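Reproduced below: coords-v6.cif, with mmCIF, C-alpha atoms and all ligand atoms.
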data_coords
loop_
_atom_site.label_atom_id
_atom_site.label_comp_id
_atom_site.auth_asym_id
_atom_site.auth_seq_id
_atom_site.Cartn_x
_atom_site.Cartn_y
_atom_site.Cartn_z
CA MET A 977 -0.41 26.58 -17.70
CA LYS A 978 -1.44 23.31 -19.31
CA SER A 979 -4.12 21.52 -17.29
CA LEU A 980 -3.24 18.17 -15.75
CA ILE A 981 -6.73 16.95 -16.38
CA PRO A 982 -6.90 15.00 -19.64
CA SER A 983 -9.72 15.65 -22.07
CA ALA A 984 -12.86 13.64 -21.50
CA ARG A 985 -12.12 11.33 -24.41
CA THR A 986 -9.23 9.04 -25.34
CA ALA A 987 -8.48 5.98 -27.44
CA VAL A 988 -7.25 3.66 -24.67
CA GLY A 989 -8.16 4.31 -21.02
CA ILE A 990 -5.78 2.55 -18.64
CA VAL A 991 -6.75 1.85 -15.03
CA GLY A 992 -3.71 1.51 -12.72
CA ALA A 993 -0.11 2.74 -12.87
CA GLY A 994 1.75 -0.35 -11.73
CA PRO A 995 4.30 -1.79 -14.14
CA ALA A 996 1.55 -3.06 -16.48
CA GLY A 997 -0.30 0.26 -16.87
CA LEU A 998 2.85 2.35 -17.07
CA LEU A 999 4.53 0.19 -19.68
CA LEU A 1000 1.36 -0.10 -21.75
CA SER A 1001 1.01 3.68 -21.86
CA ARG A 1002 4.65 4.06 -22.84
CA LEU A 1003 4.33 1.52 -25.67
CA LEU A 1004 1.07 3.02 -26.95
CA ARG A 1005 2.52 6.49 -26.94
CA GLN A 1006 5.47 5.27 -28.98
CA SER A 1007 3.02 3.89 -31.55
CA GLY A 1008 1.13 7.16 -31.62
CA VAL A 1009 -1.95 5.74 -29.89
CA ASP A 1010 -3.64 8.20 -27.55
CA CYS A 1011 -4.11 6.98 -23.96
CA VAL A 1012 -4.69 8.15 -20.39
CA VAL A 1013 -3.56 6.40 -17.17
CA LEU A 1014 -5.57 6.80 -13.95
CA GLU A 1015 -3.96 5.68 -10.69
CA ALA A 1016 -5.66 5.58 -7.27
CA ARG A 1017 -2.51 6.09 -5.15
CA ASP A 1018 0.02 8.91 -5.05
CA ARG A 1019 3.32 8.79 -6.89
CA ALA A 1020 5.48 8.13 -3.80
CA TYR A 1021 3.35 5.15 -2.78
CA VAL A 1022 3.51 3.58 -6.24
CA GLU A 1023 7.28 4.11 -6.44
CA GLN A 1024 8.01 2.58 -3.05
CA ARG A 1025 5.79 -0.48 -3.06
CA GLN A 1026 8.19 -3.40 -2.53
CA ARG A 1027 7.77 -6.20 -5.02
CA ALA A 1028 9.94 -8.75 -6.81
CA GLY A 1029 13.12 -8.02 -8.71
CA VAL A 1030 14.00 -10.57 -11.39
CA LEU A 1031 13.66 -9.56 -15.05
CA GLU A 1032 13.69 -12.07 -17.90
CA GLN A 1033 15.65 -11.35 -21.06
CA SER A 1034 12.44 -10.55 -22.97
CA THR A 1035 11.39 -8.05 -20.26
CA VAL A 1036 14.77 -6.33 -20.45
CA ASP A 1037 14.51 -6.23 -24.26
CA VAL A 1038 11.10 -4.51 -24.10
CA LEU A 1039 12.27 -1.98 -21.49
CA ARG A 1040 15.37 -1.14 -23.52
CA ALA A 1041 13.40 -0.78 -26.75
CA CYS A 1042 10.99 1.70 -25.18
CA GLY A 1043 13.76 3.85 -23.72
CA ALA A 1044 13.50 2.57 -20.12
CA GLY A 1045 16.75 0.59 -20.16
CA GLU A 1046 19.36 3.20 -19.37
CA ARG A 1047 19.50 2.90 -15.57
CA LEU A 1048 18.71 -0.81 -15.78
CA ASP A 1049 21.84 -1.28 -17.90
CA ARG A 1050 23.90 0.76 -15.42
CA GLU A 1051 22.56 -0.58 -12.13
CA GLY A 1052 20.89 -3.92 -12.92
CA LEU A 1053 22.82 -7.07 -12.03
CA ALA A 1054 23.04 -9.70 -14.78
CA HIS A 1055 22.69 -13.20 -13.32
CA ASP A 1056 23.83 -16.34 -15.10
CA GLY A 1057 22.35 -18.77 -12.63
CA VAL A 1058 20.63 -19.49 -9.34
CA GLU A 1059 21.46 -21.97 -6.62
CA LEU A 1060 19.15 -24.51 -5.04
CA SER A 1061 19.90 -25.62 -1.47
CA TRP A 1062 18.69 -28.79 0.27
CA ASN A 1063 20.16 -31.40 2.65
CA ARG A 1064 22.89 -28.94 3.66
CA HIS A 1065 24.38 -28.64 0.17
CA ARG A 1066 23.84 -26.45 -2.88
CA HIS A 1067 23.48 -27.05 -6.58
CA ARG A 1068 23.96 -24.35 -9.21
CA ILE A 1069 21.66 -24.01 -12.24
CA ASP A 1070 23.73 -22.57 -15.07
CA PHE A 1071 21.31 -20.55 -17.24
CA PRO A 1072 23.43 -19.80 -20.33
CA GLY A 1073 24.79 -23.34 -20.44
CA LEU A 1074 21.32 -24.91 -20.19
CA THR A 1075 19.33 -22.46 -22.35
CA GLY A 1076 21.59 -21.55 -25.27
CA GLY A 1077 22.95 -18.39 -23.70
CA LYS A 1078 20.03 -16.80 -21.82
CA ARG A 1079 20.31 -15.03 -18.47
CA VAL A 1080 18.17 -12.86 -16.14
CA TRP A 1081 18.63 -9.45 -14.47
CA VAL A 1082 18.14 -8.47 -10.86
CA TYR A 1083 16.60 -4.99 -10.89
CA ALA A 1084 13.81 -4.13 -8.47
CA GLN A 1085 10.26 -3.54 -9.66
CA THR A 1086 10.31 -0.26 -7.69
CA GLU A 1087 13.10 0.94 -10.01
CA VAL A 1088 11.30 -0.18 -13.18
CA VAL A 1089 8.26 1.78 -12.00
CA LYS A 1090 10.33 4.91 -11.20
CA ASP A 1091 12.01 4.78 -14.63
CA LEU A 1092 8.68 4.44 -16.46
CA ILE A 1093 7.02 7.24 -14.49
CA GLU A 1094 9.91 9.57 -15.19
CA LEU A 1095 9.78 8.82 -18.91
CA GLN A 1096 6.04 9.36 -19.12
CA LEU A 1097 6.07 12.63 -17.20
CA ALA A 1098 9.04 13.91 -19.23
CA ASP A 1099 6.91 13.21 -22.28
CA ALA A 1100 3.91 15.07 -20.82
CA ALA A 1101 1.89 11.87 -21.18
CA PRO A 1102 -1.48 11.95 -19.38
CA LEU A 1103 -0.84 10.10 -16.11
CA LEU A 1104 -2.97 11.08 -13.12
CA PHE A 1105 -2.11 10.00 -9.57
CA GLU A 1106 -4.69 10.12 -6.77
CA ALA A 1107 -7.39 9.49 -9.35
CA PRO A 1108 -9.28 6.41 -8.10
CA VAL A 1109 -11.58 4.73 -10.59
CA GLY A 1110 -14.96 3.84 -9.11
CA ALA A 1111 -16.38 1.94 -12.06
CA VAL A 1112 -16.03 1.11 -15.73
CA THR A 1113 -19.31 1.00 -17.66
CA GLY A 1114 -20.36 0.13 -21.19
CA ALA A 1115 -17.72 -2.52 -21.84
CA ASP A 1116 -20.07 -4.08 -24.40
CA THR A 1117 -20.72 -0.78 -26.21
CA GLU A 1118 -18.69 1.35 -28.66
CA ARG A 1119 -17.98 3.84 -25.85
CA PRO A 1120 -16.81 2.23 -22.64
CA THR A 1121 -16.51 4.88 -19.93
CA ILE A 1122 -14.25 5.18 -16.90
CA HIS A 1123 -15.77 6.91 -13.88
CA TYR A 1124 -13.13 8.36 -11.57
CA THR A 1125 -12.53 11.02 -8.95
CA TYR A 1126 -9.82 13.66 -9.19
CA ALA A 1127 -9.22 16.63 -6.89
CA GLY A 1128 -12.54 15.96 -5.18
CA GLU A 1129 -14.49 15.98 -8.45
CA GLN A 1130 -16.30 13.12 -10.17
CA ARG A 1131 -15.16 12.76 -13.76
CA GLU A 1132 -15.77 10.58 -16.78
CA LEU A 1133 -13.38 9.44 -19.45
CA GLU A 1134 -14.92 8.07 -22.63
CA CYS A 1135 -12.69 5.55 -24.42
CA ASP A 1136 -12.53 3.33 -27.48
CA TYR A 1137 -11.13 0.61 -25.19
CA VAL A 1138 -10.45 0.22 -21.47
CA VAL A 1139 -7.54 -1.80 -20.09
CA GLY A 1140 -7.65 -2.89 -16.46
CA CYS A 1141 -4.08 -2.85 -15.18
CA ASP A 1142 -5.47 -2.41 -11.69
CA GLY A 1143 -4.10 -5.46 -9.92
CA TYR A 1144 -5.77 -8.27 -8.07
CA HIS A 1145 -8.34 -6.07 -6.28
CA GLY A 1146 -9.04 -3.89 -9.32
CA VAL A 1147 -12.44 -2.62 -10.42
CA THR A 1148 -12.18 -3.13 -14.18
CA ARG A 1149 -13.08 -6.79 -14.02
CA GLN A 1150 -16.39 -5.76 -12.43
CA ALA A 1151 -17.30 -4.23 -15.81
CA ILE A 1152 -17.50 -7.80 -17.09
CA PRO A 1153 -20.51 -9.94 -16.10
CA ASP A 1154 -19.56 -12.72 -13.66
CA SER A 1155 -21.08 -15.26 -16.03
CA GLU A 1156 -18.50 -14.31 -18.71
CA LEU A 1157 -15.41 -14.82 -16.52
CA HIS A 1158 -13.95 -17.92 -15.00
CA THR A 1159 -11.40 -17.72 -12.18
CA SER A 1160 -9.19 -20.70 -11.23
CA GLU A 1161 -7.50 -20.20 -7.91
CA ARG A 1162 -5.28 -21.84 -5.32
CA VAL A 1163 -4.20 -20.46 -1.97
CA TYR A 1164 -1.22 -21.87 -0.11
CA PRO A 1165 -1.01 -22.72 3.58
CA TYR A 1166 1.99 -20.43 4.10
CA SER A 1167 3.21 -16.86 3.46
CA TRP A 1168 6.52 -15.13 2.78
CA PHE A 1169 8.15 -12.93 5.39
CA GLY A 1170 10.30 -10.54 3.30
CA ILE A 1171 13.01 -8.24 4.63
CA LEU A 1172 15.37 -5.66 3.17
CA ALA A 1173 18.71 -5.40 4.99
CA ASP A 1174 21.65 -3.04 4.64
CA VAL A 1175 24.26 -5.72 4.14
CA ALA A 1176 26.11 -6.99 1.09
CA PRO A 1177 24.42 -10.13 -0.31
CA SER A 1178 26.11 -13.24 1.14
CA ASN A 1179 26.08 -14.95 -2.24
CA ASP A 1180 26.63 -13.64 -5.78
CA GLU A 1181 23.53 -15.48 -7.04
CA LEU A 1182 20.05 -16.09 -5.64
CA VAL A 1183 19.70 -19.10 -3.32
CA TYR A 1184 16.37 -20.98 -3.13
CA ALA A 1185 16.53 -23.17 -0.01
CA HIS A 1186 14.45 -26.19 0.97
CA SER A 1187 14.89 -27.03 4.64
CA PRO A 1188 12.98 -29.07 7.23
CA ARG A 1189 12.15 -25.71 8.87
CA GLY A 1190 10.62 -24.34 5.66
CA PHE A 1191 11.65 -22.43 2.55
CA ALA A 1192 14.04 -19.46 2.45
CA LEU A 1193 15.27 -17.25 -0.40
CA LEU A 1194 18.36 -15.11 -0.57
CA SER A 1195 18.08 -12.31 -3.11
CA MET A 1196 19.44 -8.79 -3.44
CA ARG A 1197 18.72 -5.27 -4.57
CA SER A 1198 22.31 -4.09 -5.10
CA HIS A 1199 25.87 -4.86 -4.01
CA THR A 1200 25.04 -3.38 -0.59
CA VAL A 1201 21.39 -4.32 -0.01
CA SER A 1202 20.11 -7.86 0.59
CA ARG A 1203 16.52 -9.04 0.07
CA LEU A 1204 15.62 -12.19 2.03
CA TYR A 1205 12.47 -14.21 2.48
CA LEU A 1206 11.30 -16.88 4.96
CA GLN A 1207 8.31 -19.18 4.67
CA VAL A 1208 6.04 -18.44 7.68
CA PRO A 1209 2.52 -19.52 8.69
CA ASN A 1210 -0.34 -17.46 7.23
CA GLY A 1211 -1.32 -14.62 9.55
CA THR A 1212 2.21 -14.11 10.94
CA ASP A 1213 2.73 -10.63 12.42
CA PRO A 1214 6.07 -9.32 11.08
CA GLU A 1215 6.46 -7.01 14.07
CA ALA A 1216 6.32 -9.97 16.45
CA TRP A 1217 9.73 -11.21 15.27
CA SER A 1218 12.93 -9.68 16.66
CA ASP A 1219 15.74 -9.02 14.19
CA GLU A 1220 17.77 -11.71 15.90
CA ARG A 1221 15.01 -14.28 15.47
CA ILE A 1222 14.78 -13.47 11.73
CA TRP A 1223 18.53 -13.86 11.21
CA ASP A 1224 18.69 -17.04 13.32
CA GLU A 1225 15.89 -18.58 11.29
CA LEU A 1226 17.51 -17.58 7.98
CA ASP A 1227 20.82 -19.03 9.24
CA ALA A 1228 19.20 -22.32 10.09
CA ARG A 1229 17.45 -22.63 6.72
CA PHE A 1230 20.45 -21.71 4.56
CA ALA A 1231 22.88 -23.88 6.60
CA VAL A 1232 25.29 -25.88 4.42
CA ASP A 1233 28.26 -28.06 5.27
CA GLY A 1234 31.43 -26.01 4.93
CA ALA A 1235 32.54 -22.50 5.74
CA TRP A 1236 29.75 -20.36 4.14
CA LYS A 1237 28.11 -17.87 6.50
CA LEU A 1238 25.11 -15.55 6.14
CA ALA A 1239 26.13 -11.94 6.83
CA ARG A 1240 23.75 -9.92 9.04
CA GLY A 1241 22.93 -6.22 8.90
CA PRO A 1242 20.29 -3.66 9.89
CA ILE A 1243 16.81 -4.66 8.72
CA THR A 1244 15.22 -1.62 7.04
CA GLN A 1245 11.89 -3.08 5.90
CA ARG A 1246 9.72 -6.07 6.71
CA ALA A 1247 6.39 -7.38 5.45
CA VAL A 1248 4.43 -10.62 5.24
CA LEU A 1249 2.75 -11.55 1.97
CA PRO A 1250 0.36 -14.43 1.33
CA LEU A 1251 0.95 -16.77 -1.62
CA ARG A 1252 -1.72 -17.32 -4.22
CA SER A 1253 -2.19 -18.69 -7.74
CA SER A 1254 -5.09 -17.29 -9.74
CA VAL A 1255 -6.09 -16.97 -13.39
CA THR A 1256 -9.17 -15.16 -14.72
CA GLU A 1257 -10.21 -16.00 -18.26
CA PRO A 1258 -10.80 -14.78 -20.85
CA MET A 1259 -8.67 -11.65 -20.50
CA ARG A 1260 -10.99 -9.67 -22.75
CA TRP A 1261 -14.70 -9.04 -22.91
CA GLY A 1262 -16.18 -6.56 -25.38
CA ARG A 1263 -13.99 -3.47 -25.23
CA ALA A 1264 -12.57 -4.23 -21.77
CA PHE A 1265 -9.18 -5.94 -21.42
CA LEU A 1266 -7.38 -7.25 -18.33
CA ALA A 1267 -3.58 -7.26 -18.04
CA GLY A 1268 -1.01 -8.17 -15.36
CA ASP A 1269 -2.15 -8.91 -11.82
CA ALA A 1270 -5.70 -7.87 -12.73
CA ALA A 1271 -5.92 -11.12 -14.71
CA HIS A 1272 -3.50 -13.46 -12.95
CA ILE A 1273 -1.42 -13.94 -9.82
CA VAL A 1274 1.49 -16.32 -9.35
CA PRO A 1275 3.24 -17.17 -6.11
CA PRO A 1276 6.60 -15.35 -6.21
CA THR A 1277 8.78 -18.48 -6.05
CA GLY A 1278 9.28 -18.50 -9.83
CA ALA A 1279 9.78 -14.70 -10.12
CA LYS A 1280 7.18 -14.53 -12.91
CA GLY A 1281 4.65 -11.83 -11.80
CA LEU A 1282 6.32 -8.77 -13.26
CA ASN A 1283 7.48 -10.62 -16.38
CA LEU A 1284 3.95 -11.82 -17.14
CA ALA A 1285 2.61 -8.28 -16.75
CA VAL A 1286 5.23 -7.02 -19.21
CA ALA A 1287 4.39 -9.81 -21.66
CA ASP A 1288 0.64 -9.06 -21.54
CA VAL A 1289 0.99 -5.37 -22.27
CA THR A 1290 3.60 -5.92 -24.97
CA VAL A 1291 1.18 -8.20 -26.83
CA LEU A 1292 -1.67 -5.75 -26.24
CA ALA A 1293 0.30 -2.68 -27.34
CA ARG A 1294 1.24 -4.42 -30.62
CA ALA A 1295 -2.42 -5.32 -31.14
CA PHE A 1296 -3.58 -1.72 -30.59
CA ALA A 1297 -0.83 -0.42 -32.88
CA LYS A 1298 -2.08 -2.75 -35.63
CA LEU A 1299 -5.66 -1.67 -35.09
CA TYR A 1300 -4.99 2.05 -35.15
CA ALA A 1301 -2.47 1.90 -38.01
CA ASP A 1302 -4.24 -0.56 -40.35
CA GLY A 1303 -7.72 -1.13 -38.93
CA ASP A 1304 -6.68 -4.74 -38.27
CA ALA A 1305 -8.36 -6.07 -35.10
CA SER A 1306 -6.88 -9.57 -35.29
CA GLY A 1307 -4.27 -8.85 -32.60
CA LEU A 1308 -6.96 -7.73 -30.17
CA ASP A 1309 -9.05 -10.78 -31.00
CA GLY A 1310 -6.09 -13.08 -30.32
CA TYR A 1311 -4.90 -11.26 -27.19
CA SER A 1312 -6.49 -13.43 -24.53
CA ASP A 1313 -5.50 -16.78 -26.03
CA ALA A 1314 -1.96 -15.63 -26.80
CA CYS A 1315 -1.43 -14.40 -23.22
CA LEU A 1316 -3.10 -17.32 -21.50
CA ARG A 1317 -0.69 -19.82 -23.05
CA ARG A 1318 2.23 -18.01 -21.42
CA VAL A 1319 0.27 -17.40 -18.21
CA TRP A 1320 -0.56 -21.07 -17.67
CA ARG A 1321 3.05 -22.10 -18.35
CA ALA A 1322 4.16 -19.62 -15.69
CA GLU A 1323 1.42 -20.81 -13.33
CA GLN A 1324 2.63 -24.39 -13.68
CA PHE A 1325 6.28 -23.43 -13.13
CA SER A 1326 5.49 -21.20 -10.14
CA TYR A 1327 3.39 -23.96 -8.60
CA PHE A 1328 6.21 -26.45 -9.18
CA MET A 1329 8.84 -24.20 -7.58
CA THR A 1330 6.53 -23.39 -4.67
CA THR A 1331 5.42 -26.91 -3.84
CA THR A 1332 8.88 -28.41 -4.37
CA LEU A 1333 10.62 -25.97 -2.04
CA HIS A 1334 8.09 -25.17 0.72
CA VAL A 1335 7.05 -27.36 3.62
CA ASP A 1336 3.28 -27.73 3.73
CA PRO A 1337 2.32 -27.98 7.41
CA ALA A 1338 0.14 -30.99 6.48
CA GLN A 1339 2.79 -32.80 4.47
CA SER A 1340 3.91 -36.30 5.40
CA GLY A 1341 7.42 -37.77 5.53
CA PHE A 1342 6.59 -39.37 2.18
CA ASP A 1343 5.83 -35.97 0.63
CA THR A 1344 9.14 -34.61 1.91
CA ARG A 1345 11.05 -37.53 0.40
CA LEU A 1346 9.38 -36.84 -2.96
CA GLN A 1347 10.51 -33.18 -2.79
CA LEU A 1348 14.07 -34.22 -2.01
CA SER A 1349 14.04 -36.81 -4.78
CA GLN A 1350 12.91 -34.10 -7.25
CA LEU A 1351 15.75 -31.83 -6.13
CA ASP A 1352 18.25 -34.71 -6.43
CA ARG A 1353 16.93 -35.33 -9.94
CA ILE A 1354 17.59 -31.71 -10.94
CA ALA A 1355 21.16 -32.08 -9.68
CA ALA A 1356 21.70 -35.41 -11.48
CA SER A 1357 20.02 -34.79 -14.83
CA GLY A 1358 20.87 -32.12 -17.36
CA HIS A 1359 17.36 -32.52 -18.77
CA ALA A 1360 15.72 -31.85 -15.41
CA ALA A 1361 18.00 -28.86 -14.78
CA ALA A 1362 17.35 -27.53 -18.30
CA GLU A 1363 13.59 -27.76 -17.74
CA LEU A 1364 13.93 -25.53 -14.68
CA ALA A 1365 16.38 -23.16 -16.37
CA GLU A 1366 14.23 -22.72 -19.50
CA ASN A 1367 11.18 -21.89 -17.43
CA TYR A 1368 13.10 -19.50 -15.20
CA VAL A 1369 14.65 -17.45 -18.01
CA GLY A 1370 11.35 -17.42 -19.94
CA ASP A 1371 10.47 -17.43 -23.63
CA ALA A 1372 11.03 -14.76 -26.24
CA LEU A 1373 8.12 -12.41 -26.75
N1 LIG B 1401 -8.37 3.06 -9.65
C1 LIG B 1401 -7.13 3.43 -10.04
N2 LIG B 1401 -6.05 2.65 -9.81
C2 LIG B 1401 -6.22 1.47 -9.19
C3 LIG B 1401 -7.50 1.02 -8.79
C4 LIG B 1401 -8.61 1.87 -9.04
N3 LIG B 1401 -9.85 1.54 -8.68
N4 LIG B 1401 -7.36 -0.21 -8.21
C5 LIG B 1401 -6.04 -0.49 -8.24
N5 LIG B 1401 -5.35 0.51 -8.82
C6 LIG B 1401 -3.89 0.61 -9.03
C7 LIG B 1401 -3.07 0.21 -7.82
O1 LIG B 1401 -2.95 1.28 -6.89
C8 LIG B 1401 -1.76 -0.16 -8.44
O2 LIG B 1401 -0.88 0.95 -8.54
O3 LIG B 1401 -3.52 -0.34 -10.00
C9 LIG B 1401 -2.13 -0.62 -9.85
C10 LIG B 1401 -1.88 -2.11 -10.03
O4 LIG B 1401 -0.51 -2.32 -10.02
P1 LIG B 1401 0.16 -3.72 -9.59
O5 LIG B 1401 -0.58 -4.31 -8.44
O6 LIG B 1401 1.61 -3.46 -9.44
O7 LIG B 1401 -0.14 -4.67 -10.84
P2 LIG B 1401 0.56 -4.80 -12.28
O8 LIG B 1401 0.85 -3.46 -12.85
O9 LIG B 1401 -0.28 -5.77 -13.00
O10 LIG B 1401 1.97 -5.41 -11.97
C11 LIG B 1401 2.22 -6.76 -11.78
O11 LIG B 1401 3.13 -6.39 -9.67
O12 LIG B 1401 1.98 -7.47 -7.97
C12 LIG B 1401 3.14 -7.43 -8.71
O13 LIG B 1401 3.93 -9.62 -8.73
C13 LIG B 1401 3.25 -8.67 -9.45
O14 LIG B 1401 5.27 -8.06 -10.20
C14 LIG B 1401 3.95 -8.18 -10.61
C15 LIG B 1401 3.42 -6.87 -10.93
C1 LIG B 1402 13.17 -10.68 -5.04
O1 LIG B 1402 14.34 -10.33 -5.18
O2 LIG B 1402 12.34 -9.97 -4.46
C2 LIG B 1402 12.74 -12.01 -5.55
C3 LIG B 1402 13.64 -12.77 -6.28
C4 LIG B 1402 13.25 -14.02 -6.75
C5 LIG B 1402 12.00 -14.50 -6.47
C6 LIG B 1402 11.09 -13.73 -5.75
C7 LIG B 1402 11.46 -12.48 -5.29
O3 LIG B 1402 11.64 -15.73 -6.91
#

Show how you would write the structure in this file as C-alpha cells.
Ligand code: APR
Ligand code: PHB
Amino acid sequence: MKSLIPSARTAVGIVGAGPAGLLLSRLLRQSGVDCVVLEARDRAYVEQRQRAGVLEQSTVDVLRACGAGERLDREGLAHDGVELSWNRHRHRIDFPGLTGGKRVWVYAQTEVVKDLIELQLADAAPLLFEAPVGAVTGADTERPTIHYTYAGEQRELECDYVVGCDGYHGVTRQAIPDSELHTSERVYPYSWFGILADVAPSNDELVYAHSPRGFALLSMRSHTVSRLYLQVPNGTDPEAWSDERIWDELDARFAVDGAWKLARGPITQRAVLPLRSSVTEPMRWGRAFLAGDAAHIVPPTGAKGLNLAVADVTVLARAFAKLYADGDASGLDGYSDACLRRVWRAEQFSYFMTTTLHVDPAQSGFDTRLQLSQLDRIAASGHAAAELAENYVGDAL
C-alpha cells in the first residue's frame, strides 16, 4: 500500500487546507509543480466549518478552470443583484446593468472546500489532515523547513518555498522576523450572530439591512436553507437567545412598508463571530509567502474574504509555474505588491459596507444621518450605485 506520508522533501510546502491551501495545491499540481499540504484539523472539521458564501466571477472562473466547477455550476445560485434596506424600504443594486454584465454566485465555502478536497484526494495529491505544523524555520535560507506532527511522530518537510495558508492564527508568519512585517488592524465594536435555518429564503436576492436596531443580512445556502445574520454586541452568547428572540429581532430589522414577510423555520446552527480588518505586509519574506486569511482579514459585510484568498493563490500559482517552467522569478518577486493592491481595495470596500450599514454603539444622531444620506445617494445616483456594484462583483484576475 502506498504510504500517506509524503517524502521529506517537496518544492512548495503549504501550511493549511482551507480554501487558500487547497486551491493553491490544485493549481500547482496542474502546472506540474510538486507540493504537499499539511492541515492541523481533521477532514470533517475542515469541511463543516461555516463561512461565507458569495463567489465573484473571477473566483468562479478559477474554480471552473481547475476542474472544481462541476457541482458549483449545478448547485450554485447565480445572483444578478443585492438589495439594500433602510428607512423601511429597499433598493436593488443591479449588477449586470451597472458593471457591463457581471454577476456573483451564492455557493457556500464549505462546498468549495469539499469539492477541492475530493479532487485532490482523487488525484492522490499529498494532503495530510491532523498534521499540525509547529514551526517553519529557515525562511531566509535555500531550504525552508516545516516542522509538523503526524500520527504522534515529529516530522520535517524540506521545501524550496513555504506558503502559509494557515489563517489568522497561523504559525507561518512567525517564521518572519517581527521587524520585517507590518500589521494594520481595526476591530469593530460589534459582532455577527449567524444562523442557518431550514426554511426557503424569503427573498430571491441577498438583503443588507440598516436599521435603528442594528444591521441584518438575509442570505441563503440553497432554495430550502436560509443563512441570516444579526449585528450583536461583542461577547454575545449565542445560546442565550431563544429562537423566537432571533426571529423577532430579524423581523424588526428587515421590516419594510408593504406586505413582505420573513419566513421562519427550524434553526439548525448558530454562532457569533467578531468583525475585524487586518492586513500584514509584505506578504513575502525570503522563501516564505503568506496567502488568504494568514495575510489579511476583512469584515464579512462585503463578502470578500474567500475571493481574496482565491485571488492570492491564483497569482502565486502562476508565479510558481513561471519559476519552475522557465526559471523566471519575477512573478514571485511581484507577488506581494500585486496582491496588496487588490487587498487594500477590498479592505476599503468592506470597511465602507460595514460602517455604512452597522450601528456603532457610540454613534451620534449626526453619524446616523450621514449613513442614511449615503444610502439615499446610492439609490439616487447611478454613479454611486455603480461604485458599490463594481466593488461587490470584483475585478478580473
Ligand atoms: N498547522 C496546520 N494547519 C493549520 C495550522 C497549523 N499550525 N494553523 C492553522 N491551520 C489550518 C486551519 O485549521 C485551517 O484549516 O489552516 C487553515 C486556514 O484556513 P482558513 O482559515 O479557511 O483560511 P483561508 O484558506 O485563507 O481561507 C480564507 O476563509 O476565514 C475565511 O473569510 C475567510 O472566506 C475566507 C477564507
Ligand atoms: C453568507 O451567505 O454567509 C454571506 C453572504 C454575504 C455576505 C456575508 C456572508 O456579505

Closest atom pairs, residues of region 1149-1259 of chain A within 9 Å of region 1108-1112 of chain A, all atoms listed in the file, as JSON lines:
{"residue": "A:Arg1149", "atom": "CA", "partner": "A:Val1112", "partner_atom": "CA", "distance": 8.6}
{"residue": "A:Gln1150", "atom": "CA", "partner": "A:Val1112", "partner_atom": "CA", "distance": 7.6}
{"residue": "A:Ala1151", "atom": "CA", "partner": "A:Val1112", "partner_atom": "CA", "distance": 5.5}

Hey, which of A:Ala1360, A:Leu1193, A:Leu1226, A:Cys1141 ends up closest to His1272 (chain A)? Count only C-alpha atoms.
-> A:Cys1141

Using all atoms listed in the file, which residue out of A:Ala1020, A:Leu1031, A:Ala1100, A:Ala1279 lies closest to ligand LIG 1402 (chain B)?
-> A:Ala1279

Figure out the distance between CA of Thr1117 (chain A) and CA of Cys1011 (chain A), please, to one decimal in Å.
->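 Result for CA of Cys1011 (chain A) versus CA of Thr1117 (chain A): 18.5 Å, one decimal.
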
Find the residues near ligand LIG 1402 (chain B). Use a cut-off of 10 Å, count only C-alpha atoms and all ligand atoms, and write them as a ChimeraX atom specification.
-> /A:1026-1031,1058,1082-1085,1168,1170-1172,1182-1184,1193-1197,1202-1205,1275-1281,1326,1329-1330,1368

Site check for ligand LIG 1401 (chain B): residues at most 6 Å away, only C-alpha atoms and all ligand atoms, as an MDAnalysis selection string = chainID A and resid 991:997 1014:1017 1022 1028 1108:1110 1141:1143 1146:1147 1268:1270 1281:1282 1285

List the neighbours of Pro1242 (chain A) out to 9 Å using all atoms listed in the file; skip same-chain residues closer than 3 positions along the sequence, and give me the result as a ChimeraX atom specification.
-> /A:1172-1175,1219

Hey, which of A:Gln1339, A:Thr1244, A:Gln1347, A:Ser1160 ends up closest to Glu1323 (chain A)? Count all atoms listed in the file.
->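 Under the stated criterion, the closest residue is A:Ser1160.
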
Fewer than 4 positions away in the same chain doesn't count, so skip those; otherwise give me all residues within 9 Å of region 1291-1303 of chain A, counting all atoms listed in the file, as number ranges by chain.
-> A: 988, 1000-1001, 1003-1004, 1007-1009, 1265, 1267, 1286-1287, 1307-1311, 1314-1315, 1373

Who sits within 12 Å of Ile1222 (chain A), only C-alpha atoms, same chain under 2 positions skipped, as JSON, numbers by chain | {"A": [1169, 1170, 1171, 1172, 1173, 1192, 1204, 1205, 1206, 1207, 1208, 1214, 1215, 1216, 1217, 1218, 1219, 1220, 1224, 1225, 1226, 1227, 1228, 1229, 1238, 1240, 1241, 1242, 1243, 1246]}

Print the selection's residues with C-alpha atoms to a file, as a CSV table (one decimal), in the coordinates of the input.
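Produced file part.csv, reproduced below:
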chain,number,residue,atom,x,y,z
A,1169,PHE,CA,8.2,-12.9,5.4
A,1170,GLY,CA,10.3,-10.5,3.3
A,1171,ILE,CA,13.0,-8.2,4.6
A,1172,LEU,CA,15.4,-5.7,3.2
A,1173,ALA,CA,18.7,-5.4,5.0
A,1192,ALA,CA,14.0,-19.5,2.4
A,1204,LEU,CA,15.6,-12.2,2.0
A,1205,TYR,CA,12.5,-14.2,2.5
A,1206,LEU,CA,11.3,-16.9,5.0
A,1207,GLN,CA,8.3,-19.2,4.7
A,1208,VAL,CA,6.0,-18.4,7.7
A,1214,PRO,CA,6.1,-9.3,11.1
A,1215,GLU,CA,6.5,-7.0,14.1
A,1216,ALA,CA,6.3,-10.0,16.4
A,1217,TRP,CA,9.7,-11.2,15.3
A,1218,SER,CA,12.9,-9.7,16.7
A,1219,ASP,CA,15.7,-9.0,14.2
A,1220,GLU,CA,17.8,-11.7,15.9
A,1224,ASP,CA,18.7,-17.0,13.3
A,1225,GLU,CA,15.9,-18.6,11.3
A,1226,LEU,CA,17.5,-17.6,8.0
A,1227,ASP,CA,20.8,-19.0,9.2
A,1228,ALA,CA,19.2,-22.3,10.1
A,1229,ARG,CA,17.4,-22.6,6.7
A,1238,LEU,CA,25.1,-15.6,6.1
A,1240,ARG,CA,23.8,-9.9,9.0
A,1241,GLY,CA,22.9,-6.2,8.9
A,1242,PRO,CA,20.3,-3.7,9.9
A,1243,ILE,CA,16.8,-4.7,8.7
A,1246,ARG,CA,9.7,-6.1,6.7
